[in-house]
Amino acid sequence: IRDAIQAYVALLGSDYETGTAFNFCSGAATPASELADAVLGVLGESREVRFEGEAGAPLVGSHSRLKSVSGWAPQFGLADIAKALATAP
């Protein structure tokens, strides 16, 4: 969420055509099971987590348009996201 907010703020000061689509993403493929494992690790838990259909080809977004228009790039990695999810109220 912090990265997305920073991206929106960066776009506010940028010049782009109305209707332009932007991807708020890291550009790296991260399976849902990897995120779940990271959150469990922050919580000090260990268990097997499986997701149906995860074995297919990963979908990876590109933030290149967003970066070229606003200078934004992701600042928070998987560990930061896992910690935020695990400690959210």
# chains A, B, ... in the order shown; residues from 1 in each chain; ligands from 1
call {"tool": "residues_around", "arguments": {"residues": "A:Leu35", "least_positions_apart": "2", "cutoff": "10 Å", "atoms": "only C-alpha atoms", "output": "ChimeraX atom specification"}}
result
/A:30-33,37-41,78-79,81-82,85
call {"tool": "select_by_dssp", "arguments": {"residues": "chain A", "states": "alpha helix (DSSP H)", "output": "MDAnalysis selection string"}}
result
chainID A and resid 2:12 32:43 64:70 78:87
call {"tool": "residues_around", "arguments": {"residues": "A:Leu43", "least_positions_apart": "6", "cutoff": "9 Å", "atoms": "only C-alpha atoms", "output": "PDB file with all heavy atoms, in the first residue's frame"}}
result
ATOM      1  N   LYS A  83       5.740  -8.340   6.604  1.00  0.00           N
ATOM      2  CA  LYS A  83       5.722  -7.772   7.960  1.00  0.00           C
ATOM      3  C   LYS A  83       4.489  -6.894   8.147  1.00  0.00           C
ATOM      4  O   LYS A  83       3.828  -6.961   9.180  1.00  0.00           O
ATOM      5  CB  LYS A  83       6.986  -6.972   8.223  1.00  0.00           C
ATOM      6  CG  LYS A  83       7.084  -6.449   9.619  1.00  0.00           C
ATOM      7  CD  LYS A  83       8.418  -5.753   9.883  1.00  0.00           C
ATOM      8  CE  LYS A  83       8.455  -5.252  11.312  1.00  0.00           C
ATOM      9  NZ  LYS A  83       9.700  -4.568  11.601  1.00  0.00           N
ATOM     10  N   ALA A  86       1.419  -9.155   8.439  1.00  0.00           N
ATOM     11  CA  ALA A  86       1.407  -9.934   9.679  1.00  0.00           C
ATOM     12  C   ALA A  86       1.128  -9.082  10.911  1.00  0.00           C
ATOM     13  O   ALA A  86       0.609  -9.576  11.907  1.00  0.00           O
ATOM     14  CB  ALA A  86       2.733 -10.665   9.845  1.00  0.00           C
ATOM     15  N   THR A  87       1.450  -7.803  10.838  1.00  0.00           N
ATOM     16  CA  THR A  87       1.285  -6.942  12.020  1.00  0.00           C
ATOM     17  C   THR A  87       0.121  -5.971  11.878  1.00  0.00           C
ATOM     18  O   THR A  87      -0.063  -5.119  12.747  1.00  0.00           O
ATOM     19  CB  THR A  87       2.593  -6.147  12.280  1.00  0.00           C
ATOM     20  OG1 THR A  87       2.902  -5.365  11.124  1.00  0.00           O
ATOM     21  CG2 THR A  87       3.733  -7.082  12.599  1.00  0.00           C
TER      22      THR A  87
END
call {"tool": "residues_around", "arguments": {"residues": "stretch 14-29 of chain A", "least_positions_apart": "5", "cutoff": "8 Å", "atoms": "only C-alpha atoms", "output": "list in words"}}
result
Asp3, Ala4, Ala7, Pro58, Leu59, Val60, Gly61, Ser62, His63, Arg65, Leu66, Val69, Ser70, Ala73 and Pro74 of chain A
call {"tool": "atom_distance", "arguments": {"atom1": "atom CA of A:Pro89", "atom2": "atom CA of A:Arg2"}}
result
16.0 Å
